[in-house]
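This is model18.txt. It holds compact mmCIF, C-alpha atoms.
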```txt
# COMPACT_ATOMS: atom_id res chain seq x y z
CA MET G 1 -28.82 62.91 73.35
CA LYS G 2 -26.84 61.12 70.68
CA ASN G 3 -24.42 62.83 68.32
CA SER G 4 -26.62 62.08 65.32
CA ASP G 5 -29.59 63.76 67.05
CA LEU G 6 -27.53 66.86 67.79
CA ARG G 7 -26.34 67.00 64.19
CA LEU G 8 -29.85 66.77 62.82
CA ASP G 9 -31.11 69.42 65.26
CA ARG G 10 -28.33 71.81 64.22
CA LEU G 11 -29.18 71.22 60.57
CA LEU G 12 -32.90 71.75 61.14
CA ARG G 13 -32.30 74.92 63.18
CA ALA G 14 -30.12 76.37 60.41
CA ALA G 15 -32.67 75.39 57.75
CA ALA G 16 -35.52 76.93 59.75
CA ALA G 17 -33.65 80.24 59.85
CA VAL G 18 -34.53 80.72 56.17
CA PRO G 19 -37.57 83.03 56.23
CA ASN G 20 -40.79 81.57 54.88
CA GLU G 21 -42.15 83.25 51.78
CA GLN G 22 -44.91 85.81 52.18
CA PRO G 23 -48.42 84.53 51.41
CA PRO G 24 -49.10 85.35 47.78
CA GLU G 25 -51.93 87.33 46.26
CA VAL G 26 -54.68 85.50 44.40
CA PRO G 27 -53.43 84.99 40.80
CA PHE G 28 -55.36 86.86 38.13
CA GLY G 29 -58.45 84.91 37.05
CA PHE G 30 -57.94 82.21 39.67
CA ASP G 31 -61.42 82.56 41.20
CA THR G 32 -63.00 82.43 37.72
CA ARG G 33 -61.12 79.22 36.92
CA VAL G 34 -62.20 77.63 40.22
CA LEU G 35 -65.85 78.53 39.65
CA ALA G 36 -65.75 77.35 36.04
CA HIS G 37 -64.22 74.03 37.14
CA LEU G 38 -66.87 73.73 39.79
CA ARG G 39 -69.69 74.28 37.30
CA ALA G 40 -68.22 71.61 35.03
CA SER G 41 -68.00 69.03 37.82
CA PRO G 42 -70.82 67.37 39.75
CA THR G 43 -71.43 69.80 42.59
CA TYR G 44 -74.09 71.51 44.65
CA ASP G 45 -77.42 70.23 43.26
CA SER G 46 -76.19 66.90 41.96
CA LEU G 47 -74.45 66.25 45.27
CA ASP G 48 -77.70 67.03 47.08
CA ILE G 49 -79.53 64.60 44.80
CA ALA G 50 -76.87 61.95 45.39
CA ARG G 51 -77.24 62.41 49.14
CA LEU G 52 -81.03 62.12 48.88
CA LEU G 53 -80.73 58.97 46.76
CA ARG G 54 -78.35 57.45 49.28
CA ARG G 55 -80.83 58.11 52.07
CA VAL G 56 -83.66 56.55 50.04
CA VAL G 57 -81.57 53.44 49.32
CA LEU G 58 -80.56 53.07 52.97
CA THR G 59 -84.16 53.46 54.16
CA SER G 60 -85.35 50.89 51.60
CA LEU G 61 -82.66 48.46 52.72
CA ALA G 62 -83.72 48.91 56.34
CA VAL G 63 -87.38 48.18 55.42
CA VAL G 64 -86.34 45.04 53.45
CA VAL G 65 -84.24 43.77 56.36
CA ILE G 66 -87.04 44.35 58.90
CA ALA G 67 -89.63 42.71 56.63
CA GLY G 68 -87.30 39.76 55.99
CA ALA G 69 -86.70 39.28 59.69
CA GLY G 70 -90.46 39.35 60.34
CA ALA G 71 -91.14 36.79 57.60
CA TYR G 72 -88.39 34.50 58.86
CA ARG G 73 -89.73 34.72 62.40
CA GLU G 74 -93.22 33.88 61.19
CA LEU G 75 -92.04 30.89 59.14
CA SER G 76 -89.81 29.49 61.84
CA GLN G 77 -92.67 29.25 64.35
CA PRO G 78 -93.97 25.61 64.68
CA LEU G 79 -97.39 24.92 63.18
CA ASP G 80 -100.07 24.63 65.81
CA LEU G 81 -101.53 21.16 65.12
CA GLY G 82 -103.37 20.98 68.41
CA GLU G 83 -106.40 22.84 67.05
CA PRO G 84 -109.49 20.68 66.46
CA PHE G 85 -110.64 20.22 62.88
CA THR G 86 -113.40 22.56 61.77
CA ASP G 87 -116.52 21.47 59.89
CA GLU G 88 -115.00 22.52 56.59
CA ASP G 89 -111.99 20.25 57.20
CA VAL G 90 -114.27 17.33 57.97
CA ILE G 91 -116.34 17.89 54.82
CA ALA G 92 -113.21 18.19 52.67
CA ASP G 93 -111.73 15.09 54.24
CA SER G 94 -114.85 12.99 53.60
CA ALA G 95 -115.08 14.30 50.00
CA ILE G 96 -111.46 13.24 49.34
CA GLY G 97 -112.15 9.84 50.97
CA LEU G 98 -115.21 9.28 48.78
CA ALA G 99 -113.29 10.26 45.64
CA PHE G 100 -110.64 7.64 46.37
CA GLU G 101 -113.22 4.92 47.14
CA GLN G 102 -114.87 5.41 43.76
CA MET P 103 -55.53 86.12 56.80
CA ASP P 104 -57.45 88.58 58.96
CA ASP P 105 -60.07 87.17 61.31
CA ASP P 106 -62.47 90.10 61.09
CA TRP P 107 -64.53 88.86 58.18
CA ASP P 108 -67.89 87.26 58.75
CA ALA P 109 -67.34 83.71 57.55
CA GLY P 110 -70.87 82.65 58.48
CA ALA P 111 -72.60 85.25 56.32
CA LEU P 112 -70.24 84.53 53.43
CA LEU P 113 -70.85 80.78 53.66
CA THR P 114 -74.61 81.29 53.73
CA ALA P 115 -74.37 83.38 50.57
CA VAL P 116 -72.11 80.80 48.86
CA ARG P 117 -74.58 78.02 49.73
CA GLN P 118 -77.26 80.08 47.98
CA HIS P 119 -75.03 80.05 44.87
CA ASP P 120 -73.99 83.70 45.19
CA GLU P 121 -71.04 83.92 42.79
CA ALA P 122 -69.68 87.17 44.23
CA ALA P 123 -69.59 85.57 47.68
CA ALA P 124 -67.78 82.53 46.25
CA ARG P 125 -65.13 84.82 44.71
CA GLU P 126 -64.78 86.65 48.02
CA LEU P 127 -64.36 83.33 49.85
CA VAL P 128 -61.57 82.34 47.43
CA ARG P 129 -59.86 85.69 47.98
CA ARG P 130 -60.08 85.35 51.77
CA LEU P 131 -58.87 81.76 51.96
CA TYR P 132 -56.20 81.87 49.25
CA PRO P 133 -53.27 82.99 51.47
CA LEU P 134 -53.94 80.13 53.93
CA VAL P 135 -54.26 77.51 51.20
CA ALA P 136 -51.25 78.80 49.25
CA LYS P 137 -49.09 78.76 52.38
CA LEU P 138 -49.95 75.12 53.08
CA VAL P 139 -49.46 74.18 49.42
CA ARG P 140 -46.01 75.81 49.35
CA SER P 141 -44.98 73.75 52.37
CA HIS P 142 -46.32 70.43 51.14
CA ARG P 143 -46.46 70.66 47.37
CA PRO P 144 -45.38 67.54 45.50
CA ARG P 145 -42.46 68.28 43.18
CA ARG P 146 -44.30 67.59 39.94
CA THR P 147 -47.48 69.54 40.60
CA ALA P 148 -47.74 73.29 40.00
CA GLU P 149 -48.69 75.38 43.01
CA GLU P 150 -51.62 77.03 41.27
CA ASP P 151 -53.02 73.72 39.99
CA LEU P 152 -52.94 72.26 43.47
CA CYS P 153 -54.59 75.38 44.95
CA GLN P 154 -57.32 75.09 42.33
CA MET P 155 -57.85 71.41 43.14
CA ILE P 156 -58.17 72.28 46.85
CA PHE P 157 -60.66 75.09 46.26
CA VAL P 158 -62.84 72.86 44.10
CA LYS P 159 -62.88 70.31 46.95
CA ILE P 160 -63.68 73.04 49.48
CA PHE P 161 -66.70 74.17 47.46
CA GLN P 162 -67.84 70.61 46.84
CA LYS P 163 -67.67 69.76 50.54
CA LEU P 164 -69.08 73.04 51.77
CA PRO P 165 -72.59 71.59 52.34
CA GLN P 166 -70.97 69.19 54.84
CA PHE P 167 -69.33 71.99 56.84
CA SER P 168 -71.21 72.07 60.15
CA GLY P 169 -69.45 75.05 61.71
CA LYS P 170 -68.35 73.04 64.75
CA VAL P 171 -64.72 73.96 63.99
CA PRO P 172 -63.51 77.32 62.67
CA LEU P 173 -63.56 77.54 58.87
CA PRO P 174 -59.74 77.98 58.54
CA HIS P 175 -59.17 74.71 60.46
CA TRP P 176 -61.60 72.85 58.23
CA VAL P 177 -60.02 74.34 55.09
CA SER P 178 -56.52 73.54 56.35
CA ARG P 179 -57.43 69.91 56.82
CA ILE P 180 -58.73 69.62 53.27
CA ALA P 181 -55.60 71.36 51.93
CA VAL P 182 -53.21 69.18 53.91
CA ASN P 183 -54.95 65.91 52.99
CA THR P 184 -55.06 66.89 49.32
CA CYS P 185 -51.33 67.67 49.34
CA ILE P 186 -50.47 64.40 51.12
CA ASN P 187 -52.60 62.38 48.68
CA GLN P 188 -50.99 64.14 45.74
CA ILE P 189 -47.50 63.40 47.07
CA LYS P 190 -48.51 59.75 47.58
CA ALA P 191 -49.68 59.62 43.97
CA GLU P 192 -46.22 60.64 42.75
CA LYS P 193 -44.65 57.68 44.56
CA VAL P 194 -41.09 58.31 43.30
CA ARG P 195 -38.67 58.97 46.13
CA PRO P 196 -35.26 59.14 44.47
CA GLU P 197 -32.16 58.39 46.50
CA PHE P 198 -29.86 61.36 46.77
CA ARG P 199 -26.11 60.76 46.57
CA HIS P 200 -23.17 62.75 47.91
CA ALA P 201 -22.06 63.49 44.35
CA ASP P 202 -25.39 65.29 43.76
CA LEU P 203 -24.74 67.81 46.56
CA SER P 204 -23.70 71.37 45.79
CA GLU P 205 -20.41 72.72 47.19
CA GLU P 206 -22.28 74.59 49.91
CA GLU P 207 -24.25 71.49 50.87
CA VAL P 208 -21.02 69.46 51.08
CA ALA P 209 -19.59 72.16 53.36
CA VAL P 210 -22.68 71.86 55.60
CA VAL P 211 -22.36 68.06 55.79
CA GLU P 212 -18.65 68.35 56.65
CA ASN P 213 -19.29 71.06 59.19
CA LEU P 214 -21.96 68.98 60.93
CA ALA P 215 -19.57 66.03 61.16
CA ALA P 216 -16.50 68.04 62.23
CA THR P 217 -17.83 70.40 64.89
CA SER P 218 -20.66 70.65 67.38
CA GLU P 219 -21.17 74.39 66.85
CA GLU P 220 -24.18 75.97 65.24
CA LEU P 221 -23.96 76.40 61.48
CA ALA P 222 -22.94 79.86 60.26
CA PRO P 223 -25.80 82.09 59.03
CA ASP P 224 -24.40 82.05 55.49
CA HIS P 225 -24.99 78.28 55.46
CA LYS P 226 -28.70 78.51 56.16
CA PHE P 227 -29.82 78.34 52.51
CA ALA P 228 -27.56 75.33 51.85
CA ALA P 229 -28.89 73.77 55.06
CA ARG P 230 -32.44 74.29 53.83
CA ASP P 231 -31.60 72.69 50.45
CA LEU P 232 -29.97 69.76 52.20
CA VAL P 233 -33.02 69.28 54.41
CA GLU P 234 -35.22 69.37 51.29
CA HIS P 235 -33.18 66.46 49.87
CA LEU P 236 -33.53 64.53 53.13
CA LEU P 237 -37.27 65.22 53.22
CA ALA P 238 -37.69 63.96 49.66
CA ALA P 239 -36.66 60.49 50.84
CA LEU P 240 -39.43 60.37 53.48
CA LYS P 241 -43.04 59.29 53.28
CA PRO P 242 -45.44 62.19 52.63
CA VAL P 243 -46.88 62.08 56.15
CA GLU P 244 -43.39 62.09 57.69
CA ARG P 245 -42.33 64.98 55.48
CA PHE P 246 -45.44 66.86 56.54
CA VAL P 247 -44.77 66.34 60.26
CA ILE P 248 -41.16 67.53 60.04
CA ASP P 249 -42.14 70.58 58.03
CA MET P 250 -44.91 71.53 60.43
CA LEU P 251 -42.82 70.99 63.57
CA TYR P 252 -39.55 72.59 62.52
CA PHE P 253 -40.32 75.06 59.73
CA GLN P 254 -43.88 76.18 60.42
CA GLN P 255 -43.28 75.97 64.20
CA TYR P 256 -46.60 74.20 64.87
CA THR P 257 -47.13 72.39 68.16
CA VAL P 258 -48.18 68.72 68.34
CA THR P 259 -51.66 69.88 69.37
CA GLU P 260 -51.93 72.15 66.34
CA ILE P 261 -50.86 69.32 64.02
CA GLN P 262 -53.48 67.11 65.68
CA ARG P 263 -56.11 69.73 64.92
CA LEU P 264 -54.96 70.03 61.30
CA THR P 265 -54.78 66.34 60.54
CA GLY P 266 -57.08 64.59 62.96
CA TRP P 267 -54.20 62.30 64.04
CA SER P 268 -53.67 61.44 67.71
CA ALA P 269 -50.80 63.08 69.62
CA SER P 270 -48.95 59.77 69.84
CA LEU P 271 -49.28 59.23 66.08
CA VAL P 272 -47.80 62.67 65.42
CA LYS P 273 -44.90 61.90 67.77
CA VAL P 274 -44.30 58.43 66.31
CA ARG P 275 -44.25 59.82 62.77
CA ALA P 276 -41.86 62.61 63.81
CA PHE P 277 -39.60 60.06 65.52
CA ARG P 278 -39.53 57.77 62.46
CA ALA P 279 -38.88 60.72 60.16
CA ARG P 280 -35.98 61.88 62.31
CA GLN P 281 -34.52 58.35 62.36
CA LYS P 282 -34.57 58.21 58.56
CA MET P 283 -33.11 61.69 58.23
CA LYS P 284 -30.29 60.82 60.61
CA GLN P 285 -29.50 57.68 58.62
CA GLU P 286 -29.51 59.62 55.34
CA LEU P 287 -27.27 62.30 56.82
CA ALA P 288 -24.86 59.67 58.12
CA ARG P 289 -24.85 57.95 54.71
CA LEU P 290 -24.08 61.22 52.89
CA SER P 291 -21.35 61.99 55.40
CA ALA P 292 -19.80 58.51 54.98
CA GLU P 293 -19.92 58.78 51.18
CA GLY P 294 -18.03 62.08 51.42
CA LEU P 295 -15.21 60.41 53.37
CA ARG P 296 -14.63 57.73 50.72
```
I'd like the structure from this file rewritten - as structure tokens, please.
Amino acid sequence: MKNSDLRLDRLLRAAAAVPNEQPPEVPFGFDTRVLAHLRASPTYDSLDIARLLRRVVLTSLAVVVIAGAGAYRELSQPLDLGEPFTDEDVIADSAIGLAFEQ
Amino acid sequence: MDDDWDAGALLTAVRQHDEAAARELVRRLYPLVAKLVRSHRPRRTAEEDLCQMIFVKIFQKLPQFSGKVPLPHWVSRIAVNTCINQIKAEKVRPEFRHADLSEEEVAVVENLAATSEELAPDHKFAARDLVEHLLAALKPVERFVIDMLYFQQYTVTEIQRLTGWSASLVKVRAFRARQKMKQELARLSAEGLR
């Protein structure tokens, strides 16, 4: 061990020989001050409400993300053009054709 | 603090906004909190103010207390973190010069440099004051580790439990703190020789 380490250890040992102070009694009116401060600050109920709001926001965000992912998946699928035209399509097509001919 | 009291019943009552139970909880926990505050109080904050700040935090966080760890451990962690944050907020770490030392502190510095014997018992208060000056130059977390290890006689495991740091982090911080204290001590000693 180096000299500087030994020196510091001797110093710390001597300093630690000073007895620590006894734990003090609660100062007069301390508990009242703490409770008064607590009532004046956002505590108990408001914290519960804040926690509830946070949960609601997180749940809503999760729903939005899931819905967004579903919509994106739906839109990114290729249109199925292989289906035969129905009667309605044929009627609409001929009506448009006639309108242009006139 | 005696361990006989029923913390669970008291906490249940406090959660139901029982004011008498809240006062009783303050009375039970005050010695523990005050002891930690005395060890780690920033210079410019009054002990009672800091205790009050800690108790307000304890009550505010009480709904989050799960009971997985004993209540005194949980309270200690809040107290320690509040003290460290308060010390960080002060920021100022003045450099201490040899000329600022008292006669007794100068004698301690000279004694440490001249001999390898233990310091005399009548030097212990000067030694403590000198250590306080050296600690003031450290970061709050380093100051905390030295105080816990050497003055409160906590083990590394106990400091881990109090702070949530890993064992290696505690050791690294203690090592760095000791390095800085050795350098400061050497500087003060060299200044005295000039």
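Take CA of Val128 in chain P and CA of Thr265 in chain P: the distance between them is 21.8 Å.
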Can you tell me which residues surround range 196-213 of chain P at a distance of at most 12 Å, considering all atoms listed in the file, apart from same-chain residues fewer than 5 positions away, and format the answer as a compact mmCIF listing (two decimals) with C-alpha atoms, in the frame of the given file?
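Wrote it out as out_7.txt, contents follow:
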```
# COMPACT_ATOMS: atom_id res chain seq x y z
CA ARG G 7 -26.34 67.00 64.19
CA LEU G 8 -29.85 66.77 62.82
CA ARG G 10 -28.33 71.81 64.22
CA LEU G 11 -29.18 71.22 60.57
CA LEU G 12 -32.90 71.75 61.14
CA ALA G 14 -30.12 76.37 60.41
CA ALA G 15 -32.67 75.39 57.75
CA ARG P 145 -42.46 68.28 43.18
CA SER P 218 -20.66 70.65 67.38
CA GLU P 219 -21.17 74.39 66.85
CA GLU P 220 -24.18 75.97 65.24
CA LEU P 221 -23.96 76.40 61.48
CA ALA P 222 -22.94 79.86 60.26
CA PRO P 223 -25.80 82.09 59.03
CA ASP P 224 -24.40 82.05 55.49
CA HIS P 225 -24.99 78.28 55.46
CA LYS P 226 -28.70 78.51 56.16
CA PHE P 227 -29.82 78.34 52.51
CA ALA P 228 -27.56 75.33 51.85
CA ALA P 229 -28.89 73.77 55.06
CA ARG P 230 -32.44 74.29 53.83
CA ASP P 231 -31.60 72.69 50.45
CA LEU P 232 -29.97 69.76 52.20
CA VAL P 233 -33.02 69.28 54.41
CA GLU P 234 -35.22 69.37 51.29
CA HIS P 235 -33.18 66.46 49.87
CA LEU P 236 -33.53 64.53 53.13
CA LEU P 237 -37.27 65.22 53.22
CA ALA P 238 -37.69 63.96 49.66
CA ALA P 239 -36.66 60.49 50.84
CA LEU P 240 -39.43 60.37 53.48
CA LYS P 241 -43.04 59.29 53.28
CA MET P 283 -33.11 61.69 58.23
CA LYS P 284 -30.29 60.82 60.61
CA GLU P 286 -29.51 59.62 55.34
CA LEU P 287 -27.27 62.30 56.82
CA ALA P 288 -24.86 59.67 58.12
CA ARG P 289 -24.85 57.95 54.71
CA LEU P 290 -24.08 61.22 52.89
CA SER P 291 -21.35 61.99 55.40
CA ALA P 292 -19.80 58.51 54.98
CA GLU P 293 -19.92 58.78 51.18
CA GLY P 294 -18.03 62.08 51.42
CA LEU P 295 -15.21 60.41 53.37
CA ARG P 296 -14.63 57.73 50.72
```
Identify, on the basis of all atoms listed in the file, every residue whose closest approach to range 267-277 of chain P does not exceed 12 Å; exclude the query and any residue fewer than 4 positions from it along the same chain; express the result as a CSV table (one decimal) with C-alpha atoms, in the frame of the given file.
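Done, and the output landed in out-v6.csv:
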```csv
chain,number,residue,atom,x,y,z
G,5,ASP,CA,-29.6,63.8,67.0
P,179,ARG,CA,-57.4,69.9,56.8
P,183,ASN,CA,-55.0,65.9,53.0
P,237,LEU,CA,-37.3,65.2,53.2
P,240,LEU,CA,-39.4,60.4,53.5
P,241,LYS,CA,-43.0,59.3,53.3
P,242,PRO,CA,-45.4,62.2,52.6
P,243,VAL,CA,-46.9,62.1,56.2
P,244,GLU,CA,-43.4,62.1,57.7
P,245,ARG,CA,-42.3,65.0,55.5
P,246,PHE,CA,-45.4,66.9,56.5
P,247,VAL,CA,-44.8,66.3,60.3
P,248,ILE,CA,-41.2,67.5,60.0
P,249,ASP,CA,-42.1,70.6,58.0
P,250,MET,CA,-44.9,71.5,60.4
P,251,LEU,CA,-42.8,71.0,63.6
P,252,TYR,CA,-39.6,72.6,62.5
P,256,TYR,CA,-46.6,74.2,64.9
P,257,THR,CA,-47.1,72.4,68.2
P,258,VAL,CA,-48.2,68.7,68.3
P,259,THR,CA,-51.7,69.9,69.4
P,260,GLU,CA,-51.9,72.2,66.3
P,261,ILE,CA,-50.9,69.3,64.0
P,262,GLN,CA,-53.5,67.1,65.7
P,263,ARG,CA,-56.1,69.7,64.9
P,281,GLN,CA,-34.5,58.4,62.4
P,282,LYS,CA,-34.6,58.2,58.6
P,283,MET,CA,-33.1,61.7,58.2
P,284,LYS,CA,-30.3,60.8,60.6
```
Output as CSV one row per residue of chain G within 8 Å of chain P: the closest atom pair and its distance in Å to one decimal place, counting all atoms listed in the file, sorted by chain and residue number ascending.
```
residue,atom,partner,partner_atom,distance
G:Ser4,CA,P:Lys284,CA,6.1
G:Asp5,CA,P:Lys284,CA,7.1
G:Leu6,CA,P:Ser218,CA,7.9
G:Arg7,CA,P:Leu214,CA,5.8
G:Leu8,CA,P:Lys284,CA,6.4
G:Arg10,CA,P:Glu220,CA,6.0
G:Leu11,CA,P:Ala229,CA,6.1
G:Leu12,CA,P:Tyr252,CA,6.8
G:Arg13,CA,P:Tyr252,CA,7.6
G:Ala14,CA,P:Lys226,CA,5.0
G:Ala15,CA,P:Arg230,CA,4.1
G:Ala16,CA,P:Phe253,CA,5.2
G:Ala17,CA,P:Lys226,CA,6.4
G:Val18,CA,P:Lys226,CA,6.2
G:Pro23,CA,P:Pro133,CA,5.1
G:Pro24,CA,P:Pro133,CA,6.0
G:Glu25,CA,P:Pro133,CA,6.9
G:Val26,CA,P:Tyr132,CA,6.2
G:Phe30,CA,P:Gln154,CA,7.6
G:Asp31,CA,P:Arg125,CA,5.6
G:Thr32,CA,P:Arg125,CA,7.7
G:Arg33,CA,P:Gln154,CA,7.8
G:Val34,CA,P:Gln154,CA,5.9
G:Leu35,CA,P:Val158,CA,7.8
G:His37,CA,P:Val158,CA,7.2
G:Leu38,CA,P:Val158,CA,6.0
G:Thr43,CA,P:Gln162,CA,5.6
G:Tyr44,CA,P:Gln162,CA,6.7
```
Enclosing box along x, y and z for every listed atom of range 4-8 of chain G, padded 3 Å each side, centre and size in Å, one decimal, as JSON:
```
{"center_x": -28.1, "center_y": 64.5, "center_z": 65.3, "size_x": 9.5, "size_y": 10.9, "size_z": 11.0}
```
Separation of CA of Val177 in chain P from CA of Leu113 in chain P, in Å and rounded to one decimal: 12.7 Å
